[in-house]
Structures are given as structure tokens and as C-alpha cells.
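Novice: Quick one: this structure, given as C-alpha cells, is what I'll be asking you about.
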Amino acid sequence: MEEKELSQLLQVRRDKLSELQAEGRDPFQITKYDRTHTSKQITEGYTTEERTITVREEEQQITAKISPLDGETVSVAGRIMSKRGMGKVGFLHIADIDGQIQLFVKKDILGEDEYNRFKKLDTGDIIGAVGVVFTTQTGEISVRAEKITLLSKSLQPLPEKFHGMTNTDLRYRQRYTDLIMNRDVKDTFIKRSKIISTIRKYLDGQGFLEVETPMLVSNAGGAAARPFLTHSNALGEEFKLRISLELYLKRLIVGGLERVYEIGRVFRNEGVDTRHNPEFTLMELYQAYTDYHGMMDLTENLYRHVAQEVLGTTKIVYNGIEMDLGKPFERITMLDAVKKYSGVDFNEIHTQEEAQAVAKEHHVEFEKHHKKGDILNLFFEEFVEDHLIQPTFVMDHPVEISPLTKKKPENPDYVERFEFFMNGWEMANAYSELNDPIDQRERFKAQEELLSLGDEEANTTDEDFMNALEIGMAPTGGIGFGIDRMCMLLTDSLAIRDVLLFPTMKPLDNK
């Protein structure tokens with residue numbers, strides 16, 4: 001739309017508002033509206049029956065949808081999405097949280113003055129209407145309006161074909177318009193809300209306690225990520241935004257809260273792509289007296305339950321690929337997975353030098369300080385991840401990349417950890433939690449050495465957490481779930497921004 005044409009349209013709408021205000025009919029003075037039904041409540045539960053109607057003096061038989069409220073007076077409210085008038089008769093569709101419903105407007109019923117006001121309404125205006133439910137001759141359940149009330153005047157025109165717009169940047173920046181114009185987008189976020197509420201109900205039913213822990217922390221530990229930095233003027237202290245929920249939740253396990261979880265935002269000062277946003281929703285849970293096998297069972301049961309409750313099936317389709325949550329999830333060690341897809345058996349590699357040599361042979365890039373376990377993980381990322389389409393637990397990671405995880409008693413070079421994969425994505429990360437304070441301090445020390453070598457994602461020693469471990473933590477299993485990626489899979493959304501209402505965006509240059 002040309003800028004001059006848009007300016008004229010904006011002025012016309014403002015003139016209409018001024019006229020309404022001059023008449024004492026300012027819609028912005030209305031504080032409430034009593035709605036009795038949504039669109040879905042009117043159309044839900046309809047029956048289909050054969051009807052004989054007269055069209056142009058000829059009888060025709062049609063199959064019509066009949067609302068259970070046919071003949072009843074209802075009050076509806078919503079935004080005008082389309083409007084057309086035909087002399088003394090007009091039609092419009094209004095959208096509410098549940099969908100759309102048609103209003104039938106007739107001059108003889110509404111009255112001449114009100115009908116003239118109806119004709120001045122614009123798409124985007126929010127109205128309330130009282131009328132009788134009926135089925136039109138074309139079989140559409142509608143409301144025959146007896147009174148229309150303008151509740152809010154839209155001063156900007158709605159996009160004409162927003163669903164087909166290729167400017168996704170504008171959709172993300174103006175999510176409110178995206179939600180208005182694209183029913184699929186609204187359904188995605190309604191489904192996201194249901195996913196999270198289903199998770200909560202499931203965990204509550206398993207005896208878990210939902211808690212909240214600090215977002216502003218002195219030591220941002222629990223994950224390998226670069227934190228955001230900030231400053232408290234009141235305390236005169238530097239703080240970080242949390243990158244994980246782990247260390248505080250473990251403190252609660254020490255305190256005797258044996259099953260805890262938190263769903264909340266975490267912040268990582270990293271790149272942005274289809275699966276990463278600087279702030280995202282993470283869920284972590286910790287359960288005393290279990291291990292990573294217990295976490296596998298919980299993960300499998302939780303994913304299966306959520307899919308069944310939200311989608312009505314355990315078979316999901318993402319980007320045309322079917323994944324079956326109803327079957328037992330595959331379990332494979334990282335060593336076996338790397339051997340399967342790269343042909344390299346790291347059981348036969350014993351030194352850092354041998355690992356670096358085989359990395360060079362397979363064109364896997366590494367840093368000088370990388371040890372055998374680091375390089376095993378690089379092989380996994382290079383050769384394995386993309387193959388893990390069906391639900392798969394990859395177990396027993398090298399100790400070098402798992403500073404908070406309990407070692408395997410029979411093989412201390414590896415730890416009791418798994419990552420859960422679907423569609424080639426990491427969906428969750430879980431441990432048998434390290435509860436040996438002496439071992440934990442050595443792990444932190446190794447992390448600080450990496451930090452000194454320039455690894456900005458390495459952890460530092462958290463002395464208060466160490467104090468908690470020395471008081472004593474029971475054997476514990478813990479896991480972190482990426483809620484956004486779960487929502488992407490269950491809603492068939494191609495980018496993380498499609499499941500975040502307000503994704504992080506680069507500011508527009510308004511100069």
C-alpha cells in the first residue's frame with residue numbers, strides 16, 4: 001500500500017472516531033461488555049440435518065449445520081475480520097479466542113440509524129452484538145444481530161493477506177497483528193500453553209514440588225554457556241543472568257525437598273538461529289534417591305503423556321517426518337553411536353595424542369587443549385546427531401564434558417549422563433548428579449583451568465554450592481528439558497521464534 005494511500009486511510013478512521021466522540025459515543029469510554037457465548041460455544045455440538053429451503057422461489061434441499069442454540073438470543077464479541085453490505089442487508093465475521101462467527105445484519109431489524117452506523121464500521125474494529133442464532137440458507141451458523149455496540153475503534157487497517165506475507169521479521173515484531181490475522185499462530189500458542197500446563201499436572205501428580213529460584217546470580221553455573229552481565233546499583237555488585245536452574249535446585253535437594261522442578265526463563269549470550277534464542281524456557285527437575293535411568297523412564301513417560309494429552313496421539317509429524325513416541329525409546333552409548341556412524345572406535349584410542357590424530361584424519365576441528373573425551377564429543381556432533389530422528393537416549397558421556405555428573409563406577413573416564421534426541425535435536429540433558437564434594441571441587445578446578453585458557457563457557461567454583469554439597473546431598477537424578485524445542489516438535493513449527501510470543505529481535509533503526 002502506498003504511503004499516501006495509507007495516510008488517507010488512517011485519517012478517515014480518525015475522522016470516524018472524532019465523529020463518534022462528538023456524538024457522545026466514544027467507544028473508548030466503554031469499560032466492559034457482557035458476552036454470553038464465544039464462537040465455539042455457539043457452533044460446538046451442532047447437528048447436521050436435511051433442510052428444504054426456498055431460493056429464488058424454487059425449493060432446494062441442503063444439508064445444514066444446526067447449532068444447539070438455534071433460536072436462542074446470545075451476546076457475542078470480537079474483532080471484525082471481514083464486512084460486506086448489500087443494500088439493506090449486511091454480513092460480517094468477527095473473531096474471538098475460539099474462532100470466527102458470522103453476523104447477519106438487516107436494516108429492518110437493527111433500525112435505520114443503527115444500520116447506518118453499522119455501515120461505517122471498519123475491519124479491525126472490536127464490537128459486541130446481541131442477536132438470535134440461526135442457520136443461513138448456505139448452511140452457515142450465524143447470529144442475526146438485533147443490537148451492535150462498538151467497543152474499540154481500530155485506527156490502523158489490518159493487513160490484507162498477512163498469512164501469506166514473506167516478511168517474517170514483521171510478523172515477529174508485531175506478534176499482536178500476527179495473532180489477529182493468522183489462526184494457525186494463535187493455535188500454536190494456545191497449544192504451547194496446554195503443553196506446559198500438562199507438564200505441570202503430570203509432575204505434580206508424581207509428587208514434584210514446583211519452585212522458583214533466582215534469575216540474578218553471582219555465579220552463573222550449571223551449563224556451558226556465556227552469561228549476560230548486569231549491575232545492581234543498590235548493592236553495588238556485578239550480577240549475571242542465570243544460564244541454568246541446576247545449582248539452586250540441587251541446594252533444595254540438600255535441604256530435604258526430595259522432588260523439585262522449575263519452569264522458567266534462562267539467558268545465554270550466544271548466537272541466534274532456528275533453534276536458539278538468547279532467552280528461552282527451560283525446565284529442570286531433580287529427584288532424590290534415583291539415577292539417570294530413573295530420569296530416562298520419567299522422560300519417556302512424560303513425553304508420551306504430553307503428546308497424548310495435547311495431540312491425542314503419540315505419533316507426531318514434524319516437517320513431514322513421523323516420530324513415534326509410543327514405542328520404547330532407543331538407548332545407546334555415545335561410544336557405540338560414534339562407532340556406528342563414523343566407524344571410529346574410541347575404545348581403541350587411549351591417549352590425547354591418538355584422539356587428536358584420528359580427528360585430523362576425519363577432518364574434525366579441535367582445540368589444542370581438547371582431550372580424548374572432548375574429541376569423542378566432537379565426533380558425536382559431527383557424525384551422529386543428524387541421524388537421531390526417532391526418540392533416542394544417548395548415554396555415558398566422557399567426564400571431560402560433564403563437570404556436574406557422577407562417574408560410572410566401573411569406568412571413571414565416563415559419567416552417568418544422557419542426552420535425549422529427536423529429529424536430530426538435543427531435547428533434554430540428564431545426570432546421575434555428582435554429590436561427592438571432593439570430586440566436585442576437582443571438577444570445578446578443571447573448569448577454571450579451561451576458563452584461564454580462554455573458554456568463556458567454562459564454569460567457576462560456586463563456594464555456597466560446595467558448602468551445600470559438604471552438608472550432604474542424597475543420590476539424585478536430574479534433568480533439563482528445552483521447553484521451546486518440545487513445543488516446536490509438537491506444533492510442527494520450523495523455528496524457535498515461531499513458538500516464542502516475543503522473540504529477541506535486533507532493534508529497528510528509527511533514525
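Residue numbering restarts at 1 for every chain of the C-alpha cells, chains are lettered A, B, ... in their displayed order, and ligands are numbered from 1 as they appear.
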At a cut-off of 8 Å, using only C-alpha atoms, what residues contact segment 438-443 of chain A? Leave out same-chain residues fewer than 4 positions from it and give the result as an NGL selection string.

Specialist: :A and (403-404 or 434 or 447 or 461 or 466)

Novice: How about saving the chosen residues, N, CA and C atoms kept, as a PDB file, in the first residue's frame?

Specialist:
```pdb
ATOM      1  N   PRO A 403      31.001 -31.745  34.020  1.00  0.00           N
ATOM      2  CA  PRO A 403      31.607 -31.382  35.311  1.00  0.00           C
ATOM      3  C   PRO A 403      30.698 -31.549  36.523  1.00  0.00           C
ATOM      4  N   LEU A 404      29.414 -31.817  36.322  1.00  0.00           N
ATOM      5  CA  LEU A 404      28.489 -31.914  37.454  1.00  0.00           C
ATOM      6  C   LEU A 404      27.868 -33.309  37.571  1.00  0.00           C
ATOM      7  N   LEU A 434      26.365 -35.499  40.575  1.00  0.00           N
ATOM      8  CA  LEU A 434      27.563 -35.637  41.392  1.00  0.00           C
ATOM      9  C   LEU A 434      27.284 -35.084  42.788  1.00  0.00           C
ATOM     10  N   GLN A 447      37.515 -26.864  35.409  1.00  0.00           N
ATOM     11  CA  GLN A 447      36.769 -25.879  34.631  1.00  0.00           C
ATOM     12  C   GLN A 447      37.459 -24.508  34.666  1.00  0.00           C
ATOM     13  N   THR A 461      34.070 -22.004  40.332  1.00  0.00           N
ATOM     14  CA  THR A 461      33.683 -22.644  41.588  1.00  0.00           C
ATOM     15  C   THR A 461      32.621 -21.824  42.307  1.00  0.00           C
ATOM     16  N   MET A 466      29.219 -25.540  46.963  1.00  0.00           N
ATOM     17  CA  MET A 466      30.144 -26.500  47.548  1.00  0.00           C
ATOM     18  C   MET A 466      29.823 -26.726  49.026  1.00  0.00           C
TER      19      MET A 466
END
```

Novice: Select, from A:Leu500, A:Leu203, A:Ala288, A:Leu376, the residue with the minimum atom-to-atom distance to Gly256 of chain A, counting only C-alpha atoms.

Specialist: A:Ala288

Novice: Taking only C-alpha atoms into account, name the residue in A:Thr138, A:Asn435, A:Asn269, A:Thr313 that is nearest to Lys406 of chain A.

Specialist: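 Going through A:Thr138, A:Asn435, A:Asn269, A:Thr313 one by one, the smallest distance to Lys406 of chain A is for A:Asn435.
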
Novice: Within 12 Å of segment 174-191 of chain A, which residues of segment 294-366 of chain A come that close, and what is the closest atom pair and distance in Å for each? Count only C-alpha atoms and give it as JSON lines.

Specialist:
```
{"residue": "A:Val306", "atom": "CA", "partner": "A:Lys191", "partner_atom": "CA", "distance": 11.0}
{"residue": "A:Ala307", "atom": "CA", "partner": "A:Lys191", "partner_atom": "CA", "distance": 10.9}
{"residue": "A:Glu309", "atom": "CA", "partner": "A:Lys191", "partner_atom": "CA", "distance": 10.7}
{"residue": "A:Val310", "atom": "CA", "partner": "A:Lys191", "partner_atom": "CA", "distance": 7.1}
{"residue": "A:Leu311", "atom": "CA", "partner": "A:Lys191", "partner_atom": "CA", "distance": 8.9}
```
